[in-house]
Amino acid sequence: MNRVIFERVGMLFIVSGIGYVVLGLLGAVPLELTGSGLTNIRTPSGVAVVGCLIAAFSTKDR
């Protein structure tokens with residue numbers, strides 16, 4: 001049961017990270033290409049990468 005929860009959390013991170021980057025590139029939300037902070041492009045991209053890792057390790061042999 002925990003694997004399913006971790007997989008869904010990972011997918012949530014992936015969707016939210018990619019969604020924020022796409023909306024930022026379209027100009028709907030603030031997205032900085034330089035500097036540091038929560039609106040820097042590296043932060044939501046990192047959230048998406050962490051989500052990929054969580055989802056990949058939680059599925060294991062499935």
# chains A, B, ... in the order shown; residues from 1 in each chain; ligands from 1
>>> residues_around(residues="Leu33 in chain A", least_positions_apart="2", cutoff="12 Å", atoms="only C-alpha atoms", output="count of residues only")
16
>>> select_by_dssp(residues="chain A", states="alpha helix (DSSP H)", output="ChimeraX atom specification")
/A:2-26,42-59
>>> residues_around(residues="Phe13 in chain A", least_positions_apart="3", cutoff="8 Å", atoms="only C-alpha atoms", output="ChimeraX atom specification")
/A:9-10,16-17,47-48,50-52
>>> write_last_selection(atoms="all heavy atoms", output="compact mmCIF listing (two decimals), in the first residue's frame")
# COMPACT_ATOMS: atom_id res chain seq x y z
N VAL A 9 2.40 10.20 -5.01
CA VAL A 9 3.09 11.42 -4.59
C VAL A 9 4.13 11.81 -5.65
O VAL A 9 4.27 12.98 -6.00
CB VAL A 9 3.74 11.24 -3.21
CG1 VAL A 9 4.71 12.37 -2.89
CG2 VAL A 9 2.68 11.14 -2.14
N GLY A 10 4.86 10.82 -6.16
CA GLY A 10 5.83 11.09 -7.22
C GLY A 10 5.18 11.66 -8.46
O GLY A 10 5.68 12.61 -9.06
N SER A 16 3.07 18.66 -11.04
CA SER A 16 3.13 20.03 -10.55
C SER A 16 4.40 20.74 -11.02
O SER A 16 4.35 21.92 -11.39
CB SER A 16 3.03 20.06 -9.02
OG SER A 16 4.13 19.39 -8.45
N GLY A 17 5.52 20.05 -11.03
CA GLY A 17 6.77 20.66 -11.50
C GLY A 17 6.74 21.01 -12.97
O GLY A 17 7.08 22.13 -13.37
N VAL A 47 11.78 19.66 -8.62
CA VAL A 47 10.62 18.97 -8.05
C VAL A 47 10.16 17.87 -9.00
O VAL A 47 9.83 16.76 -8.57
CB VAL A 47 9.48 19.97 -7.76
CG1 VAL A 47 8.18 19.26 -7.43
CG2 VAL A 47 9.87 20.90 -6.63
N ALA A 48 10.14 18.15 -10.29
CA ALA A 48 9.74 17.14 -11.28
C ALA A 48 10.73 15.98 -11.31
O ALA A 48 10.32 14.82 -11.40
CB ALA A 48 9.62 17.76 -12.66
N VAL A 50 12.70 14.97 -8.81
CA VAL A 50 12.52 14.21 -7.57
C VAL A 50 11.27 13.34 -7.67
O VAL A 50 11.25 12.19 -7.22
CB VAL A 50 12.45 15.17 -6.35
CG1 VAL A 50 11.98 14.45 -5.11
CG2 VAL A 50 13.81 15.79 -6.11
N GLY A 51 10.21 13.88 -8.28
CA GLY A 51 9.00 13.09 -8.49
C GLY A 51 9.26 11.88 -9.37
O GLY A 51 8.72 10.80 -9.13
N CYS A 52 10.08 12.05 -10.40
CA CYS A 52 10.43 10.92 -11.26
C CYS A 52 11.18 9.84 -10.47
O CYS A 52 10.92 8.65 -10.64
CB CYS A 52 11.31 11.39 -12.43
SG CYS A 52 10.44 12.32 -13.68
>>> atom_distance(atom1="CA of Leu26 in chain A", atom2="CA of Ile54 in chain A")
27.5 Å
>>> atom_distance(atom1="CA of Ile5 in chain A", atom2="CA of Lys60 in chain A")
13.5 Å
>>> decode(residues="range 13-43 of chain A", atoms="N, CA and C atoms", output="mmCIF file, in the first residue's frame")
data_model
loop_
_atom_site.group_PDB
_atom_site.id
_atom_site.type_symbol
_atom_site.label_atom_id
_atom_site.label_comp_id
_atom_site.auth_asym_id
_atom_site.auth_seq_id
_atom_site.Cartn_x
_atom_site.Cartn_y
_atom_site.Cartn_z
ATOM 1 N N PHE A 13 4.276 15.254 -7.870
ATOM 2 C CA PHE A 13 5.450 16.115 -8.010
ATOM 3 C C PHE A 13 5.790 16.343 -9.477
ATOM 4 N N ILE A 14 5.712 15.295 -10.271
ATOM 5 C CA ILE A 14 6.025 15.414 -11.703
ATOM 6 C C ILE A 14 5.064 16.384 -12.382
ATOM 7 N N VAL A 15 3.785 16.182 -12.166
ATOM 8 C CA VAL A 15 2.774 17.011 -12.819
ATOM 9 C C VAL A 15 2.866 18.461 -12.347
ATOM 10 N N SER A 16 3.066 18.661 -11.043
ATOM 11 C CA SER A 16 3.128 20.033 -10.548
ATOM 12 C C SER A 16 4.397 20.738 -11.021
ATOM 13 N N GLY A 17 5.524 20.047 -11.034
ATOM 14 C CA GLY A 17 6.770 20.662 -11.495
ATOM 15 C C GLY A 17 6.741 21.012 -12.965
ATOM 16 N N ILE A 18 6.318 20.072 -13.775
ATOM 17 C CA ILE A 18 6.243 20.317 -15.216
ATOM 18 C C ILE A 18 5.177 21.363 -15.530
ATOM 19 N N GLY A 19 4.056 21.300 -14.833
ATOM 20 C CA GLY A 19 2.995 22.274 -15.058
ATOM 21 C C GLY A 19 3.434 23.689 -14.740
ATOM 22 N N TYR A 20 4.189 23.848 -13.639
ATOM 23 C CA TYR A 20 4.663 25.188 -13.283
ATOM 24 C C TYR A 20 5.662 25.706 -14.311
ATOM 25 N N VAL A 21 6.539 24.840 -14.793
ATOM 26 C CA VAL A 21 7.510 25.270 -15.805
ATOM 27 C C VAL A 21 6.795 25.675 -17.089
ATOM 28 N N VAL A 22 5.839 24.895 -17.508
ATOM 29 C CA VAL A 22 5.103 25.219 -18.743
ATOM 30 C C VAL A 22 4.326 26.527 -18.584
ATOM 31 N N LEU A 23 3.632 26.674 -17.456
ATOM 32 C CA LEU A 23 2.891 27.917 -17.232
ATOM 33 C C LEU A 23 3.831 29.113 -17.113
ATOM 34 N N GLY A 24 5.002 28.894 -16.535
ATOM 35 C CA GLY A 24 5.981 29.973 -16.445
ATOM 36 C C GLY A 24 6.521 30.374 -17.792
ATOM 37 N N LEU A 25 6.761 29.417 -18.654
ATOM 38 C CA LEU A 25 7.248 29.734 -19.995
ATOM 39 C C LEU A 25 6.183 30.420 -20.836
ATOM 40 N N LEU A 26 4.920 30.152 -20.533
ATOM 41 C CA LEU A 26 3.825 30.821 -21.238
ATOM 42 C C LEU A 26 3.507 32.191 -20.642
ATOM 43 N N GLY A 27 4.074 32.500 -19.480
ATOM 44 C CA GLY A 27 3.869 33.794 -18.859
ATOM 45 C C GLY A 27 2.714 33.866 -17.888
ATOM 46 N N ALA A 28 2.123 32.746 -17.529
ATOM 47 C CA ALA A 28 0.969 32.749 -16.628
ATOM 48 C C ALA A 28 1.378 32.856 -15.160
ATOM 49 N N VAL A 29 2.551 32.368 -14.809
ATOM 50 C CA VAL A 29 3.069 32.443 -13.437
ATOM 51 C C VAL A 29 4.490 32.998 -13.496
ATOM 52 N N PRO A 30 4.969 33.585 -12.401
ATOM 53 C CA PRO A 30 6.335 34.121 -12.432
ATOM 54 C C PRO A 30 7.373 33.004 -12.500
ATOM 55 N N LEU A 31 8.311 33.145 -13.411
ATOM 56 C CA LEU A 31 9.376 32.156 -13.566
ATOM 57 C C LEU A 31 10.645 32.891 -13.963
ATOM 58 N N GLU A 32 11.648 32.808 -13.109
ATOM 59 C CA GLU A 32 12.916 33.469 -13.376
ATOM 60 C C GLU A 32 13.881 32.485 -14.020
ATOM 61 N N LEU A 33 14.594 32.936 -15.010
ATOM 62 C CA LEU A 33 15.599 32.088 -15.634
ATOM 63 C C LEU A 33 16.966 32.290 -14.993
ATOM 64 N N THR A 34 17.123 33.358 -14.233
ATOM 65 C CA THR A 34 18.370 33.622 -13.524
ATOM 66 C C THR A 34 18.042 33.940 -12.072
ATOM 67 N N GLY A 35 19.048 33.955 -11.231
ATOM 68 C CA GLY A 35 18.852 34.265 -9.825
ATOM 69 C C GLY A 35 18.548 33.030 -9.011
ATOM 70 N N SER A 36 18.042 33.254 -7.825
ATOM 71 C CA SER A 36 17.700 32.133 -6.952
ATOM 72 C C SER A 36 16.370 32.425 -6.278
ATOM 73 N N GLY A 37 15.737 31.404 -5.815
ATOM 74 C CA GLY A 37 14.446 31.554 -5.150
ATOM 75 C C GLY A 37 13.483 30.483 -5.615
ATOM 76 N N LEU A 38 12.263 30.551 -5.100
ATOM 77 C CA LEU A 38 11.277 29.531 -5.455
ATOM 78 C C LEU A 38 10.770 29.667 -6.881
ATOM 79 N N THR A 39 10.889 30.841 -7.468
ATOM 80 C CA THR A 39 10.396 31.022 -8.833
ATOM 81 C C THR A 39 11.487 30.801 -9.881
ATOM 82 N N ASN A 40 12.652 30.374 -9.459
ATOM 83 C CA ASN A 40 13.725 30.056 -10.404
ATOM 84 C C ASN A 40 13.355 28.767 -11.140
ATOM 85 N N ILE A 41 13.732 28.656 -12.386
ATOM 86 C CA ILE A 41 13.349 27.497 -13.196
ATOM 87 C C ILE A 41 13.926 26.194 -12.651
ATOM 88 N N ARG A 42 15.027 26.287 -11.902
ATOM 89 C CA ARG A 42 15.638 25.074 -11.360
ATOM 90 C C ARG A 42 14.806 24.433 -10.264
ATOM 91 N N THR A 43 14.051 25.223 -9.513
ATOM 92 C CA THR A 43 13.263 24.681 -8.406
ATOM 93 C C THR A 43 12.119 23.792 -8.890
#
